[in-house]
Amino acid sequence: MLYFKLPFTESLYTFEGPSSSEYLNFASFEGEETVKFKGQLKVCTEKQLLESEVFASELEQPPSLEVQSREDYEDKLRASLGVIKEKKLEKLVLSRRKVVPFKKLSLTRSFLNLTRRYPEAFCYVFTHESGAWIGAFSELLGSYDLRTGEFKTMSVAGTLTLDKDWGEKELEEQAAVTRFIEKTLSLYAREIEKSSTYSHPSGEIKHLRTDFTCQLPKDSLQPLIKALHPTPAVLGMPKDVCLKALKELEPHPRELYAGYSHLRLGNCLYFYVNLRCARLFKSEAHLFVGGGITAKSDIETEFQETELKALAVLNQLALEL
């Protein structure tokens with residue numbers, strides 16, 4: 001089962017019937033595309049989805065695992081600050097997995113809730129032999145027009161509630177991501193255009209965003225995507241040092257969190273960063289969230305940021321506790 005919706009559109013889609021040139025794949029944080037859907041694109045209505053409503057009772061049992069407490073995560077934050085100062089890192093992104101038990105959950109209604117709450121987002125829900133996932137996110141790793149060679153991407157980082165003003169910590173965090181993307185694009189693309197930086201609302205929170213547009217040869221697309229992923233917005237920088245640090249700091253695999261979806265519709269390719277997401281089980285939702293840590297980070301503020309991010313999906317889940 002798969003349903004998805006594109007940003008700023010109302011149509012709901014699935015794939016049905018024989019294979020075609022259109023597909024939707026999901027890549028893990030490590031960059032390997034592990035979940036693949038293909039077929040004829042079909043538009044669905046909310047009524048059709050609800051007529052074949054899918055419940056979590058049809059899913060697999062949750063694994064037995066040690067739940068990370070707030071104290072455990074804060075200890076990891078302190079350790080992250082130590083690594084940042086020791087290695088002189090610009091930024092390190094630390095994630096956590098928030099486990100939410102429930103008695104009953106409708107995957108179908110949860111997906112529809114997300115589409116209504118986040119019209120600007122790419123929304124999806126699927127069940128697959130590798131697991132069931134749901135998410136809504138608007139962070140574009142890249143889009144590519146096969147006819148014109150136009151490539152678009154964005155630098156999104158820094159998080160605050162809607163009522164707060166941007167501070168030096170958030171501005172520096174987003175600027176580091178912007179510099180990385182601009183430098184990477186210069187290696188593969190030409191005619192690069194960069195927008196000014198502006199606030200990007202996402203539910204109850206907002207981020208800083210800068211847009212890029214450029215011309216890209218077709219044979220440079222996959223090398224560019226590989227070079228961009230994972231961006232500093234989901235990993236930190238420099239990449240190699242941050243990847244090594246996260247292997248020691250994060251007690252869980254990220255799975256599809258901070259990976260990306262790879263969608264082809266007609267002559268357009270879309271790559272969306274899989275951030276606001278959860279893996280679903282028969283009686284639990286595992287919500288993956290994270291935050292960019294810099295030398296100026298505050299432990300309490302960083303923890304509360306992850307709590308706010310978790311609400312983006314949690315508040316839309318149609319569940320009974």
# chains A, B, ... in the order shown; residues from 1 in each chain; ligands from 1
call {"tool": "residues_around", "arguments": {"residues": "region 203-213 of chain A", "least_positions_apart": "6", "cutoff": "6 Å", "atoms": "only C-alpha atoms", "output": "list in words"}}
result
Phe151, Lys152, Thr153, Met154, Ser155, Val156, Ala157, Gly158, Thr159, Leu160, Thr161, Leu162, Ile192, Glu193, Lys194, Ser195 and Thr197 of chain A
call {"tool": "select_by_dssp", "arguments": {"residues": "region 5-168 of chain A", "states": "strand (DSSP E)", "output": "JSON, numbers by chain"}}
result
{"A": [5, 12, 13, 14, 15, 16, 23, 24, 25, 26, 27, 33, 34, 35, 36, 37, 38, 40, 41, 42, 43, 44, 91, 92, 93, 94, 95, 96, 97, 98, 99, 100, 101, 104, 105, 106, 122, 123, 124, 125, 126, 127, 128, 131, 132, 133, 134, 135, 136, 137, 140, 141, 142, 143, 144, 145, 150, 151, 152, 153, 154, 155, 156, 157, 158, 159, 160, 161]}
call {"tool": "closest_residue", "arguments": {"among": "A:Thr178, A:Ser202, A:Gln215, A:Gln40", "to": "Leu311 (chain A)", "atoms": "only C-alpha atoms"}}
result
A:Ser202
call {"tool": "closest_residue", "arguments": {"among": "A:Gly131, A:Cys44, A:Arg97, A:Ala227", "to": "Lys239 (chain A)", "atoms": "only C-alpha atoms"}}
result
A:Ala227
call {"tool": "residues_around", "arguments": {"residues": "Ser80 (chain A)", "least_positions_apart": "6", "cutoff": "12 Å", "atoms": "only C-alpha atoms", "output": "MDAnalysis selection string"}}
result
chainID A and resid 73:74 86:95 236 242 244:250 291:299 302
call {"tool": "select_by_dssp", "arguments": {"residues": "region 55-275 of chain A", "states": "alpha helix (DSSP H)", "output": "PyMOL selection string"}}
result
chain A and resi 70-87+107-117+168-188+221-228+239-249
call {"tool": "atom_distance", "arguments": {"atom1": "CA of Tyr124 (chain A)", "atom2": "CA of Ala27 (chain A)"}}
result
14.1 Å
call {"tool": "atom_distance", "arguments": {"atom1": "CA of Arg190 (chain A)", "atom2": "CA of Lys218 (chain A)"}}
result
12.6 Å
call {"tool": "closest_residue", "arguments": {"among": "A:Glu300, A:Pro223, A:Leu265, A:Gly135", "to": "Cys277 (chain A)", "atoms": "only C-alpha atoms"}}
result
A:Gly135
call {"tool": "residues_around", "arguments": {"residues": "Thr127 (chain A)", "least_positions_apart": "3", "cutoff": "8 Å", "atoms": "only C-alpha atoms", "output": "list of chain:residue names"}}
result
A:Met1, A:Leu2, A:Gly131, A:Ala132, A:Trp133
call {"tool": "write_last_selection", "arguments": {"atoms": "N, CA and C atoms", "output": "compact mmCIF listing (two decimals), in the first residue's frame"}}
result
# COMPACT_ATOMS: atom_id res chain seq x y z
N MET A 1 0.85 -1.19 0.00
CA MET A 1 0.00 0.00 0.00
C MET A 1 0.88 1.24 0.00
N LEU A 2 0.53 2.19 -0.86
CA LEU A 2 1.25 3.45 -0.93
C LEU A 2 0.28 4.56 -1.33
N GLY A 131 8.68 -2.73 6.18
CA GLY A 131 8.10 -1.96 7.26
C GLY A 131 7.09 -0.94 6.77
N ALA A 132 6.44 -0.26 7.72
CA ALA A 132 5.44 0.77 7.40
C ALA A 132 5.93 2.12 7.90
N TRP A 133 5.79 3.15 7.04
CA TRP A 133 6.27 4.50 7.37
C TRP A 133 5.25 5.54 6.96
call {"tool": "atom_distance", "arguments": {"atom1": "CA of Phe15 (chain A)", "atom2": "CA of Lys42 (chain A)"}}
result
5.8 Å
call {"tool": "closest_atom_pairs", "arguments": {"of": "region 220-307 of chain A", "to": "region 147-150 of chain A", "cutoff": "12 Å", "atoms": "only C-alpha atoms", "output": "tab-separated table"}}
result
residue	atom	partner	partner_atom	distance
A:Ser220	CA	A:Gly149	CA	10.2
A:Leu221	CA	A:Gly149	CA	9.4
A:Gly266	CA	A:Arg147	CA	10.3
A:Asn267	CA	A:Arg147	CA	6.7
A:Cys268	CA	A:Arg147	CA	8.3
A:Leu269	CA	A:Glu150	CA	10.6
A:Tyr270	CA	A:Glu150	CA	11.9
